[in-house]
$ cat my_file-v7.csv   # CSV, C-alpha atoms
chain,number,residue,atom,x,y,z
K,449,MET,CA,-122.1,49.1,142.4
K,450,THR,CA,-121.1,52.4,140.7
K,451,ARG,CA,-120.9,55.7,142.5
K,452,THR,CA,-121.5,59.3,141.4
K,453,VAL,CA,-119.3,62.0,142.8
K,454,VAL,CA,-120.2,65.7,142.1
K,455,ILE,CA,-117.6,68.5,142.3
K,456,ILE,CA,-119.2,71.9,142.7
K,457,GLY,CA,-117.0,74.6,141.2
K,458,ALA,CA,-114.9,74.6,138.0
K,459,GLY,CA,-112.2,76.9,139.2
K,460,VAL,CA,-108.7,75.6,139.6
K,461,ILE,CA,-109.5,73.8,142.9
K,462,GLY,CA,-112.6,72.1,141.6
K,463,VAL,CA,-111.1,71.1,138.2
K,464,SER,CA,-107.9,69.8,139.9
K,465,THR,CA,-110.0,67.7,142.4
K,466,ALA,CA,-112.3,66.4,139.6
K,467,LEU,CA,-109.2,65.4,137.5
K,468,ARG,CA,-107.4,63.7,140.4
K,469,LEU,CA,-110.5,61.7,141.3
K,470,GLN,CA,-111.3,60.7,137.7
K,471,GLU,CA,-107.7,59.5,137.4
K,472,GLU,CA,-108.3,57.2,140.4
K,473,LEU,CA,-111.7,56.0,139.4
K,474,ALA,CA,-111.0,55.4,135.7
K,475,GLY,CA,-112.1,52.0,134.6
K,476,LYS,CA,-114.2,51.4,137.7
K,477,GLY,CA,-117.5,52.6,136.2
K,478,ASP,CA,-117.9,55.4,138.8
K,479,GLN,CA,-118.9,58.8,137.5
K,480,VAL,CA,-117.3,62.2,138.3
K,481,VAL,CA,-119.5,65.2,137.5
K,482,LEU,CA,-118.1,68.7,137.6
K,483,LEU,CA,-120.7,71.5,138.0
K,484,ASP,CA,-120.3,75.3,137.6
K,485,ARG,CA,-122.8,78.1,137.2
K,486,LYS,CA,-120.7,80.0,134.7
K,487,GLY,CA,-118.2,77.6,133.1
K,488,VAL,CA,-114.6,76.5,133.5
K,489,ALA,CA,-112.3,79.1,135.0
K,490,ALA,CA,-115.0,81.7,134.6
K,491,GLU,CA,-114.4,83.5,137.9
K,492,THR,CA,-111.3,84.1,140.0
K,493,SER,CA,-109.2,81.3,138.4
K,494,GLN,CA,-109.1,83.1,135.1
K,495,GLY,CA,-107.5,86.4,136.0
K,496,ASN,CA,-105.2,85.9,139.0
K,497,ALA,CA,-101.4,86.5,139.0
K,498,GLY,CA,-100.7,83.0,137.7
K,499,ALA,CA,-98.3,82.2,140.6
K,500,PHE,CA,-97.3,79.0,142.2
K,501,ALA,CA,-96.0,80.8,145.3
K,502,PHE,CA,-94.7,77.8,147.3
K,503,THR,CA,-92.1,80.1,149.0
K,504,ASP,CA,-94.8,82.1,150.8
K,505,VAL,CA,-95.7,80.6,154.2
K,506,GLU,CA,-96.6,83.7,156.3
K,507,PRO,CA,-100.3,84.3,157.0
K,508,LEU,CA,-102.0,87.6,156.4
K,509,ALA,CA,-102.9,87.8,160.1
K,510,HIS,CA,-99.7,88.5,162.0
K,511,PRO,CA,-98.9,90.1,165.4
K,512,GLY,CA,-99.5,93.8,165.3
K,513,ILE,CA,-101.5,93.9,162.1
K,514,MET,CA,-104.7,95.1,163.8
K,515,LYS,CA,-102.9,98.4,164.7
K,516,GLN,CA,-103.2,99.2,161.0
K,517,ALA,CA,-107.0,98.7,161.0
K,518,PRO,CA,-108.0,102.4,161.1
K,519,GLY,CA,-106.0,103.0,158.0
K,520,TRP,CA,-107.9,100.3,156.1
K,521,LEU,CA,-111.0,102.5,156.4
K,522,VAL,CA,-109.3,105.8,155.7
K,523,ASP,CA,-107.4,104.8,152.6
K,524,PRO,CA,-109.7,103.2,150.0
K,525,LEU,CA,-106.7,102.7,147.6
K,526,GLY,CA,-104.2,101.2,150.2
K,527,PRO,CA,-102.7,97.7,150.1
K,528,LEU,CA,-105.5,96.5,152.4
K,529,SER,CA,-108.8,98.4,152.6
K,530,ILE,CA,-112.3,98.0,153.8
K,531,PRO,CA,-115.1,99.9,152.2
K,532,PRO,CA,-116.9,101.8,155.0
K,533,SER,CA,-120.3,100.4,153.8
K,534,TYR,CA,-119.0,96.9,154.5
K,535,ALA,CA,-117.2,97.4,157.7
K,536,VAL,CA,-120.0,96.5,160.2
K,537,LYS,CA,-120.8,93.3,158.3
K,538,LEU,CA,-117.1,92.4,158.5
K,539,VAL,CA,-116.7,92.7,162.3
K,540,PRO,CA,-117.2,89.0,163.2
K,541,TRP,CA,-114.6,87.9,160.6
K,542,LEU,CA,-112.2,90.6,161.8
K,543,LEU,CA,-112.5,89.4,165.4
K,544,ARG,CA,-111.4,85.9,164.2
K,545,PHE,CA,-108.7,87.5,162.1
K,546,TRP,CA,-107.4,89.3,165.2
K,547,ARG,CA,-107.4,86.1,167.2
K,548,ALA,CA,-105.4,84.4,164.4
K,549,SER,CA,-102.8,87.2,164.7
K,550,LEU,CA,-102.0,86.4,168.3
K,551,PRO,CA,-98.4,85.0,168.6
K,552,ASP,CA,-99.3,81.4,169.4
K,553,ARG,CA,-102.0,81.1,166.7
K,554,TYR,CA,-99.8,83.0,164.2
K,555,ARG,CA,-97.0,80.5,164.7
K,556,ALA,CA,-99.3,77.5,164.4
K,557,SER,CA,-100.6,78.9,161.1
K,558,ILE,CA,-97.1,79.2,159.8
K,559,VAL,CA,-96.3,75.6,160.6
K,560,SER,CA,-99.5,74.4,159.0
K,561,GLN,CA,-99.1,76.6,155.9
K,562,ALA,CA,-95.5,75.4,155.4
K,563,ALA,CA,-96.5,71.7,155.6
K,564,LEU,CA,-99.3,72.3,153.1
K,565,MET,CA,-97.0,74.3,150.8
K,566,LYS,CA,-94.4,71.5,150.7
K,567,HIS,CA,-97.1,69.0,149.9
K,568,CYS,CA,-98.6,71.2,147.2
K,569,GLU,CA,-95.2,71.8,145.5
K,570,GLU,CA,-94.7,68.1,145.2
K,571,ALA,CA,-98.3,67.5,144.1
K,572,THR,CA,-98.0,70.2,141.4
K,573,GLU,CA,-95.0,68.6,139.9
K,574,ARG,CA,-96.9,65.3,139.8
K,575,GLN,CA,-99.9,67.1,138.1
K,576,ILE,CA,-97.7,68.8,135.5
K,577,ALA,CA,-96.1,65.4,134.7
K,578,ARG,CA,-99.3,63.5,134.5
K,579,THR,CA,-101.0,66.0,132.2
K,580,ASP,CA,-97.9,66.9,130.1
K,581,GLY,CA,-98.3,70.5,131.2
K,582,GLU,CA,-94.7,71.8,131.3
K,583,HIS,CA,-95.3,74.0,128.2
K,584,LEU,CA,-97.7,76.1,130.3
K,585,ILE,CA,-95.2,76.6,133.2
K,586,GLN,CA,-92.7,79.4,133.6
K,587,ARG,CA,-89.8,78.7,136.0
K,588,LEU,CA,-88.6,82.3,136.4
K,589,GLY,CA,-88.5,82.8,140.2
K,590,ALA,CA,-89.7,85.9,142.0
K,591,LEU,CA,-88.1,89.1,143.1
K,592,ARG,CA,-89.3,90.9,146.2
K,593,LEU,CA,-88.3,94.6,146.3
K,594,TYR,CA,-87.7,97.1,149.1
K,595,ASP,CA,-87.3,100.8,148.8
K,596,SER,CA,-85.3,101.5,151.9
K,597,GLU,CA,-82.9,99.9,154.4
K,598,ALA,CA,-85.6,100.2,157.1
K,599,ALA,CA,-88.1,98.3,155.0
K,600,PHE,CA,-85.6,95.6,154.2
K,601,ARG,CA,-84.7,95.2,157.9
K,602,ALA,CA,-88.3,95.0,158.8
K,603,SER,CA,-88.7,92.0,156.5
K,604,LYS,CA,-86.0,90.0,158.2
K,605,HIS,CA,-88.4,87.7,160.0
K,606,SER,CA,-90.0,86.6,156.7
K,607,TRP,CA,-86.6,85.6,155.3
K,608,ASP,CA,-85.8,83.9,158.6
K,609,LEU,CA,-88.9,81.8,158.1
K,610,ARG,CA,-87.7,80.7,154.7
K,611,ASP,CA,-84.4,79.6,156.3
K,612,GLU,CA,-86.4,77.6,158.9
K,613,TYR,CA,-88.3,75.7,156.2
K,614,GLY,CA,-85.4,75.2,153.8
K,615,ILE,CA,-86.7,77.6,151.2
K,616,ASP,CA,-83.9,78.8,148.8
K,617,TYR,CA,-83.4,82.5,148.3
K,618,THR,CA,-80.7,85.1,147.6
K,619,LEU,CA,-80.7,88.6,149.3
K,620,LEU,CA,-79.8,91.6,147.2
K,621,HIS,CA,-78.2,94.7,148.6
K,622,SER,CA,-78.0,97.3,145.8
K,623,PRO,CA,-79.8,98.5,142.7
K,624,ASP,CA,-77.0,96.9,140.6
K,625,GLU,CA,-77.5,93.5,142.1
K,626,ILE,CA,-81.3,93.8,141.5
K,627,ALA,CA,-80.7,94.8,137.9
K,628,GLU,CA,-78.7,91.6,137.3
K,629,ILE,CA,-82.0,89.7,137.8
K,630,GLN,CA,-84.4,92.3,136.5
K,631,PRO,CA,-83.1,95.3,134.5
K,632,GLY,CA,-85.2,98.4,134.0
K,633,LEU,CA,-86.4,99.0,137.6
K,634,SER,CA,-86.3,102.3,139.4
K,635,ARG,CA,-83.1,102.6,141.4
K,636,HIS,CA,-85.4,103.7,144.2
K,637,PHE,CA,-85.4,100.1,145.1
K,638,THR,CA,-82.2,99.4,147.1
K,639,HIS,CA,-82.8,95.9,148.4
K,640,GLY,CA,-84.5,92.7,147.4
K,641,GLY,CA,-84.8,89.0,147.8
K,642,PHE,CA,-85.0,86.5,145.0
K,643,THR,CA,-86.7,83.1,145.4
K,644,PRO,CA,-86.1,80.7,142.5
K,645,GLY,CA,-88.7,78.3,143.7
K,646,TRP,CA,-91.6,80.6,142.8
K,647,HIS,CA,-93.0,79.5,139.5
K,648,SER,CA,-96.0,80.7,137.4
K,649,THR,CA,-98.2,79.7,134.5
K,650,ILE,CA,-98.1,81.6,131.2
K,651,ASP,CA,-101.9,82.0,131.6
K,652,PRO,CA,-104.0,80.8,134.6
K,653,LYS,CA,-107.1,80.4,132.5
K,654,ALA,CA,-105.3,78.3,129.9
K,655,TRP,CA,-103.8,76.2,132.8
K,656,VAL,CA,-107.3,75.4,134.2
K,657,GLU,CA,-108.6,74.6,130.7
K,658,HIS,CA,-105.6,72.3,130.2
K,659,LEU,CA,-106.5,70.4,133.4
K,660,PHE,CA,-110.2,70.4,132.4
K,661,ALA,CA,-109.4,68.8,129.0
K,662,ALA,CA,-107.4,66.1,130.8
K,663,PHE,CA,-110.5,65.5,133.0
K,664,LEU,CA,-112.7,65.0,130.0
K,665,GLN,CA,-110.2,62.8,128.2
K,666,ARG,CA,-110.2,60.5,131.2
K,667,GLY,CA,-114.0,60.2,131.2
K,668,GLY,CA,-115.2,63.0,133.4
K,669,ARG,CA,-118.4,64.9,132.7
K,670,PHE,CA,-119.2,68.6,133.0
K,671,GLU,CA,-122.6,70.4,133.4
K,672,GLN,CA,-123.2,74.1,133.6
K,673,ALA,CA,-125.6,74.6,136.4
K,674,GLU,CA,-126.0,76.7,139.5
K,675,VAL,CA,-126.5,74.7,142.7
K,676,ARG,CA,-129.1,76.6,144.7
K,677,ASP,CA,-129.7,74.1,147.5
K,678,ILE,CA,-128.0,71.1,149.0
K,679,ALA,CA,-129.1,68.5,151.5
K,680,ALA,CA,-127.3,65.4,152.7
K,681,SER,CA,-128.2,62.1,154.4
K,682,ASP,CA,-126.1,59.1,155.2
K,683,ASP,CA,-127.0,57.5,151.8
K,684,GLU,CA,-126.9,60.4,149.4
K,685,VAL,CA,-126.4,64.1,148.7
K,686,VAL,CA,-129.3,65.9,146.9
K,687,LEU,CA,-128.4,69.0,144.8
K,688,LYS,CA,-131.1,71.3,143.4
K,689,THR,CA,-130.4,73.5,140.5
K,690,ALA,CA,-132.7,75.9,138.6
K,691,ASP,CA,-133.8,73.1,136.2
K,692,THR,CA,-133.3,69.8,138.0
K,693,THR,CA,-132.5,67.7,141.0
K,694,LEU,CA,-129.2,65.7,141.1
K,695,ARG,CA,-128.4,62.9,143.4
K,696,ALA,CA,-124.8,61.9,144.3
K,697,ASP,CA,-123.1,59.5,146.6
K,698,GLN,CA,-120.5,62.1,147.5
K,699,VAL,CA,-120.0,65.8,146.9
K,700,VAL,CA,-117.1,68.2,147.0
K,701,VAL,CA,-117.8,71.9,147.6
K,702,ALA,CA,-115.1,73.8,145.8
K,703,ALA,CA,-117.1,76.9,144.9
K,704,GLY,CA,-114.5,79.5,146.0
K,705,ALA,CA,-115.8,82.7,147.6
K,706,TRP,CA,-119.4,81.3,147.2
K,707,SER,CA,-118.8,78.1,149.1
K,708,HIS,CA,-120.2,79.3,152.5
K,709,HIS,CA,-123.7,79.7,151.0
K,710,LEU,CA,-123.7,76.0,150.5
K,711,THR,CA,-122.0,74.9,153.7
K,712,LYS,CA,-124.4,76.9,155.8
K,713,ARG,CA,-127.2,74.8,154.4
K,714,LEU,CA,-125.3,71.7,155.6
K,715,GLY,CA,-125.0,73.0,159.1
K,716,ASP,CA,-121.5,74.6,158.7
K,717,PRO,CA,-121.7,78.4,158.9
K,718,LEU,CA,-118.1,79.0,158.2
K,719,PRO,CA,-116.3,82.4,158.4
K,720,LEU,CA,-115.4,82.8,154.7
K,721,GLU,CA,-114.8,86.3,153.5
K,722,THR,CA,-113.8,87.8,150.1
K,723,GLU,CA,-110.5,89.5,149.3
K,724,ARG,CA,-111.4,91.4,146.2
K,725,GLY,CA,-108.3,91.7,144.0
K,726,TYR,CA,-107.8,94.0,141.1
K,727,ASN,CA,-105.4,93.9,138.1
K,728,THR,CA,-104.6,95.3,134.7
K,729,THR,CA,-103.2,93.0,132.0
K,730,LEU,CA,-100.9,94.8,129.5
K,731,PRO,CA,-100.3,93.3,126.0
K,732,PRO,CA,-97.0,91.8,124.8
K,733,GLY,CA,-94.2,94.3,124.5
K,734,ALA,CA,-95.2,96.4,127.5
K,735,PHE,CA,-92.0,95.6,129.4
K,736,ASP,CA,-89.1,93.1,129.3
K,737,LEU,CA,-90.2,91.2,132.4
K,738,ARG,CA,-87.8,88.4,133.3
K,739,THR,CA,-89.2,87.3,136.6
K,740,SER,CA,-92.3,87.9,138.8
K,741,LEU,CA,-92.0,91.1,140.9
K,742,SER,CA,-93.4,91.8,144.3
K,743,PHE,CA,-93.3,95.3,145.7
K,744,GLY,CA,-93.0,94.9,149.5
K,745,LYS,CA,-95.1,97.4,151.4
K,746,HIS,CA,-97.1,98.4,148.4
K,747,GLY,CA,-98.9,95.1,148.3
K,748,PHE,CA,-98.9,94.2,144.6
K,749,VAL,CA,-97.2,91.9,142.1
K,750,VAL,CA,-96.2,92.1,138.5
K,751,SER,CA,-96.4,88.9,136.5
K,752,PRO,CA,-95.5,87.7,133.0
K,753,ILE,CA,-98.9,86.6,131.5
K,754,LYS,CA,-99.6,85.6,127.9
K,755,GLY,CA,-96.4,87.3,126.8
K,756,GLY,CA,-97.5,90.5,128.4
K,757,VAL,CA,-97.6,92.0,131.9
K,758,ARG,CA,-100.2,91.6,134.6
K,759,VAL,CA,-100.1,94.3,137.4
K,760,GLY,CA,-102.3,93.6,140.3
K,761,GLY,CA,-102.9,92.5,143.9
K,762,ALA,CA,-103.7,94.3,147.1
K,763,VAL,CA,-106.7,93.3,149.3
K,764,GLU,CA,-110.1,94.8,149.5
K,765,LEU,CA,-112.3,93.1,152.1
K,766,GLY,CA,-115.6,94.0,150.5
K,767,GLY,CA,-117.8,90.8,150.0
K,768,LEU,CA,-119.5,89.7,146.9
K,769,GLU,CA,-122.1,92.3,146.3
K,770,LEU,CA,-120.4,95.8,146.2
K,771,PRO,CA,-119.6,97.1,142.7
K,772,PRO,CA,-115.9,97.1,141.7
K,773,ASN,CA,-113.8,100.1,142.5
K,774,TYR,CA,-111.4,100.1,139.5
K,775,LYS,CA,-109.6,103.1,140.9
K,776,ARG,CA,-107.7,100.5,142.8
K,777,ALA,CA,-106.5,98.9,139.5
K,778,ASP,CA,-105.6,102.4,138.2
K,779,ASN,CA,-103.6,103.1,141.4
K,780,LEU,CA,-101.6,99.9,141.1
K,781,LEU,CA,-100.8,100.6,137.5
K,782,ALA,CA,-99.7,104.2,138.2
K,783,LYS,CA,-97.4,102.8,140.9
K,784,ALA,CA,-96.0,100.2,138.5
K,785,SER,CA,-95.3,102.9,135.9
K,786,ARG,CA,-93.2,104.8,138.5
K,787,PHE,CA,-91.4,101.7,139.7
K,788,MET,CA,-90.7,100.3,136.2
K,789,PRO,CA,-89.6,103.2,134.0
K,790,GLY,CA,-90.3,102.3,130.4
K,791,LEU,CA,-93.5,100.3,131.2
K,792,ASP,CA,-96.0,100.9,128.5
K,793,ILE,CA,-99.4,101.2,130.3
K,794,SER,CA,-101.5,101.5,127.1
K,795,GLY,CA,-103.9,98.9,125.9
K,796,GLY,CA,-104.5,97.3,129.2
K,797,THR,CA,-107.6,95.3,130.3
K,798,GLN,CA,-108.9,95.6,133.9
K,799,TRP,CA,-110.3,92.8,136.0
K,800,MET,CA,-111.5,92.1,139.5
K,801,GLY,CA,-111.7,88.7,141.2
K,802,TYR,CA,-113.0,87.3,144.5
K,803,ARG,CA,-110.4,85.5,146.6
K,804,PRO,CA,-112.0,83.2,149.2
K,805,SER,CA,-110.3,84.0,152.5
K,806,MET,CA,-110.4,82.4,156.0
K,807,PRO,CA,-109.3,84.4,159.0
K,808,ASP,CA,-106.2,82.3,159.7
K,809,SER,CA,-105.1,82.2,156.0
K,810,LEU,CA,-105.5,78.4,156.0
K,811,PRO,CA,-108.0,76.7,153.6
K,812,VAL,CA,-110.8,74.4,154.6
K,813,ILE,CA,-110.0,70.9,153.4
K,814,SER,CA,-112.3,68.8,155.4
K,815,GLN,CA,-115.3,66.6,155.6
K,816,SER,CA,-118.5,68.4,156.6
K,817,ARG,CA,-119.0,68.3,160.4
K,818,ARG,CA,-122.3,66.5,160.0
K,819,HIS,CA,-122.1,64.7,156.7
K,820,LYS,CA,-119.1,62.5,155.9
K,821,ASN,CA,-120.1,62.2,152.3
K,822,VAL,CA,-119.5,65.9,151.7
K,823,VAL,CA,-116.0,67.3,151.5
K,824,TYR,CA,-115.0,71.0,151.5
K,825,ALA,CA,-112.1,72.4,149.5
K,826,PHE,CA,-112.0,76.2,149.5
K,827,GLY,CA,-110.7,79.3,151.4
K,828,HIS,CA,-107.2,79.5,149.9
K,829,GLY,CA,-107.0,83.3,149.8
K,830,HIS,CA,-104.1,84.5,147.6
K,831,VAL,CA,-102.8,81.0,147.0
K,832,GLY,CA,-105.6,79.0,145.4
K,833,LEU,CA,-103.6,78.2,142.2
K,834,THR,CA,-100.5,77.4,144.3
K,835,GLN,CA,-102.3,74.9,146.5
K,836,SER,CA,-104.7,73.5,143.9
K,837,ALA,CA,-102.9,70.2,143.1
K,838,GLY,CA,-102.1,69.5,146.7
K,839,THR,CA,-105.7,70.3,147.8
K,840,ALA,CA,-107.0,68.0,145.1
K,841,GLU,CA,-104.9,65.1,146.4
K,842,LEU,CA,-106.0,65.7,150.0
K,843,ALA,CA,-109.7,66.1,149.1
K,844,VAL,CA,-109.6,62.8,147.2
K,845,ASP,CA,-107.9,61.1,150.2
K,846,LEU,CA,-111.0,62.3,152.3
K,847,LEU,CA,-113.4,61.0,149.6
K,848,GLN,CA,-111.6,57.6,149.5
K,849,GLY,CA,-111.4,57.3,153.3
K,850,ARG,CA,-107.6,57.0,153.5
K,851,LYS,CA,-104.9,58.7,155.6
K,852,SER,CA,-103.3,61.7,154.0
K,853,LEU,CA,-99.5,62.4,153.8
K,854,ILE,CA,-99.9,65.5,156.1
K,855,ASP,CA,-101.8,66.2,159.3
K,856,MET,CA,-105.2,67.4,158.2
K,857,ALA,CA,-106.3,68.8,161.6
K,858,PRO,CA,-105.3,72.4,160.9
K,859,TYR,CA,-107.7,72.5,157.9
K,860,ARG,CA,-110.7,71.0,159.5
K,861,ALA,CA,-114.1,72.8,159.1
K,862,ASP,CA,-114.7,72.5,162.9
K,863,ARG,CA,-111.6,74.6,163.9
K,864,PHE,CA,-113.7,77.7,164.2

$ encode --input "my_file-v7.csv" --output "structure tokens"
Amino acid sequence: MTRTVVIIGAGVIGVSTALRLQEELAGKGDQVVLLDRKGVAAETSQGNAGAFAFTDVEPLAHPGIMKQAPGWLVDPLGPLSIPPSYAVKLVPWLLRFWRASLPDRYRASIVSQAALMKHCEEATERQIARTDGEHLIQRLGALRLYDSEAAFRASKHSWDLRDEYGIDYTLLHSPDEIAEIQPGLSRHFTHGGFTPGWHSTIDPKAWVEHLFAAFLQRGGRFEQAEVRDIAASDDEVVLKTADTTLRADQVVVAAGAWSHHLTKRLGDPLPLETERGYNTTLPPGAFDLRTSLSFGKHGFVVSPIKGGVRVGGAVELGGLELPPNYKRADNLLAKASRFMPGLDISGGTQWMGYRPSMPDSLPVISQSRRHKNVVYAFGHGHVGLTQSAGTAELAVDLLQGRKSLIDMAPYRADRF
């Protein structure tokens, strides 16, 4: 008897999951259907920094971070900000975020994130090999920069974590050492750390489209439709769109920052929030960028994208409805021009995306609490692309009812 499995969301998580499942089901007669309201990589997956940041295992919620909370409201252009009009609505999520920053929970999140990152790194290499995708990958490493001895010393714990989990890096102690890896930076930056295991794609949209093409080639099906309602029983899952009703044996909810609208209808009111990220993409020739750059306390990254330069990052906890504040993108670009003398900031294109964020910085990769035929795969924050291939393998394990290679308890929907 053939089955129909529907994946909701055609971002990098949804496409990766659909592809992995289609690879397993090929030749069995089962049907994998991918749905998205706008199209493939039409939202956050098209404009992110393009990073496979396997070397980053520290959660956003860390001990002492809540002392900075008043500044999030005061500085609308800071590395982490909350629009005052959204602050009251955010209180329940912030309370969970504060609990996640307590030392024992913070430590548990690191352990779980490190295990997931290791799995995702291996899964990504499998995905690249299976889809012949190496031509879309840049293995250039990443350089994290510090503009004072004090800032560098304050980062020691993050490098100690990398030691603990066997992550390769080299620390740099002078502008000259930094310039050997990336020339053309301001000598204001006196220290740095280089992690060769950080990779990126030449274009995140092109990467998702590459995976999507592989999905179609293997027999997958795509429909552009917005799922407006979802209901599940032991026998089937019923999806209602604007035009029709779809019935499936199993469903994966991988709709990014919009996922909680669907999970609530299934009895799972999960604390998913939106980290709005801004960037500007500059055309080829803007700067001789030889690696990805991360500017410590300033909270943004510079990535080589499509032969040009993408400047973006920071966190604005502002939900899905507020209009974009592109002054944040302007501010990041102005900083980059100071930090990278010679950067040509003309001809750039601005963008904002919605990162789906859980309070403990861990995604939800889990069956629904009430319906075993519904699987959740969302909430990856800054590392959706990084964790996409690994999440796909784990989600398919749940669909197929088999044990995963890592402990799945930390990513359960019922952990909140």

$ atom_distance --input "my_file-v7.csv" --atom1 "atom CA of Pro644 of chain K" --atom2 "atom CA of Phe500 of chain K"
11.3 Å

$ closest_residue --input "my_file-v7.csv" --among "K:Pro858, K:Gly667, K:Gly640, K:Gly796" --to "Ala599 of chain K" --atoms "all atoms listed in the file"
K:Gly640

$ atom_distance --input "my_file-v7.csv" --atom1 "atom CA of Ala501 of chain K" --atom2 "atom CA of Ala563 of chain K"
13.8 Å

$ residues_around --input "my_file-v7.csv" --residues "Ile650 of chain K" --least-positions-apart "6" --cutoff "7 Å" --atoms "only C-alpha atoms" --output "MDAnalysis selection string"
chainID K and resid 584:586 752:754

$ residues_around --input "my_file-v7.csv" --residues "Gly715 of chain K" --least-positions-apart "3" --cutoff "12 Å" --atoms "only C-alpha atoms" --output "list in words"
Ile678, Ala679, Ala680, His708, His709, Leu710, Thr711, Lys712, Leu718, Ser816, Arg817, Arg818, His819, Val822, Ala861 and Asp862 of chain K

$ residues_around --input "my_file-v7.csv" --residues "Asp616 of chain K" --least-positions-apart "4" --cutoff "9 Å" --atoms "all atoms listed in the file" --output "short mmCIF file (atom, residue, chain, number, x, y, z; two decimals) with C-alpha atoms, in the frame of the given file"
data_model
loop_
_atom_site.label_atom_id
_atom_site.label_comp_id
_atom_site.auth_asym_id
_atom_site.auth_seq_id
_atom_site.Cartn_x
_atom_site.Cartn_y
_atom_site.Cartn_z
CA THR K 503 -92.10 80.10 149.00
CA ARG K 610 -87.70 80.70 154.70
CA ASP K 611 -84.40 79.60 156.30
CA PHE K 642 -85.00 86.50 145.00
CA THR K 643 -86.70 83.10 145.40
CA PRO K 644 -86.10 80.70 142.50
CA GLY K 645 -88.70 78.30 143.70
#

$ closest_residue --input "my_file-v7.csv" --among "K:Ser596, K:Gln672, K:Gln698, K:Thr492" --to "His636 of chain K" --atoms "only C-alpha atoms"
K:Ser596

$ atom_distance --input "my_file-v7.csv" --atom1 "atom CA of Pro652 of chain K" --atom2 "atom CA of Gly498 of chain K"
5.0 Å

$ closest_residue --input "my_file-v7.csv" --among "K:Ala825, K:Leu791, K:Ala535, K:Val522" --to "Trp706 of chain K" --atoms "all atoms listed in the file"
K:Ala825

$ closest_residue --input "my_file-v7.csv" --among "K:Thr649, K:Ser751, K:Ser603, K:Thr739" --to "Ala627 of chain K" --atoms "only C-alpha atoms"
K:Thr739

$ decode --input "my_file-v7.csv" --residues "segment 540-544 of chain K" --atoms "all heavy atoms" --output "compact mmCIF listing (two decimals), in the first residue's frame"
# COMPACT_ATOMS: atom_id res chain seq x y z
N PRO K 540 6.80 36.28 27.67
CA PRO K 540 6.84 34.84 27.96
C PRO K 540 8.06 34.14 27.36
O PRO K 540 8.65 33.26 28.00
CB PRO K 540 5.53 34.32 27.33
CG PRO K 540 4.63 35.52 27.30
CD PRO K 540 5.53 36.68 27.02
N TRP K 541 8.42 34.52 26.14
CA TRP K 541 9.60 33.92 25.50
C TRP K 541 10.86 34.32 26.26
O TRP K 541 11.76 33.48 26.46
CB TRP K 541 9.68 34.38 24.05
CG TRP K 541 10.73 33.68 23.24
CD1 TRP K 541 10.59 32.56 22.49
CD2 TRP K 541 12.11 34.08 23.08
NE1 TRP K 541 11.77 32.22 21.87
CE2 TRP K 541 12.73 33.14 22.21
CE3 TRP K 541 12.87 35.13 23.57
CZ2 TRP K 541 14.07 33.23 21.85
CZ3 TRP K 541 14.21 35.22 23.21
CH2 TRP K 541 14.80 34.27 22.35
N LEU K 542 10.96 35.57 26.69
CA LEU K 542 12.14 36.04 27.42
C LEU K 542 12.30 35.32 28.75
O LEU K 542 13.43 35.08 29.20
CB LEU K 542 12.08 37.54 27.63
CG LEU K 542 12.40 38.41 26.41
CD1 LEU K 542 12.16 39.89 26.75
CD2 LEU K 542 13.84 38.20 25.96
N LEU K 543 11.20 34.98 29.40
CA LEU K 543 11.30 34.23 30.65
C LEU K 543 11.91 32.86 30.41
O LEU K 543 12.76 32.40 31.18
CB LEU K 543 9.91 34.09 31.29
CG LEU K 543 9.35 35.37 31.92
CD1 LEU K 543 7.90 35.15 32.36
CD2 LEU K 543 10.20 35.81 33.11
N ARG K 544 11.51 32.21 29.34
CA ARG K 544 12.11 30.91 28.99
C ARG K 544 13.57 31.09 28.58
O ARG K 544 14.42 30.24 28.88
CB ARG K 544 11.31 30.25 27.87
CG ARG K 544 9.94 29.75 28.30
CD ARG K 544 9.28 28.97 27.18
NE ARG K 544 8.06 28.29 27.60
CZ ARG K 544 6.85 28.81 27.46
NH1 ARG K 544 6.68 30.00 26.92
NH2 ARG K 544 5.78 28.12 27.87
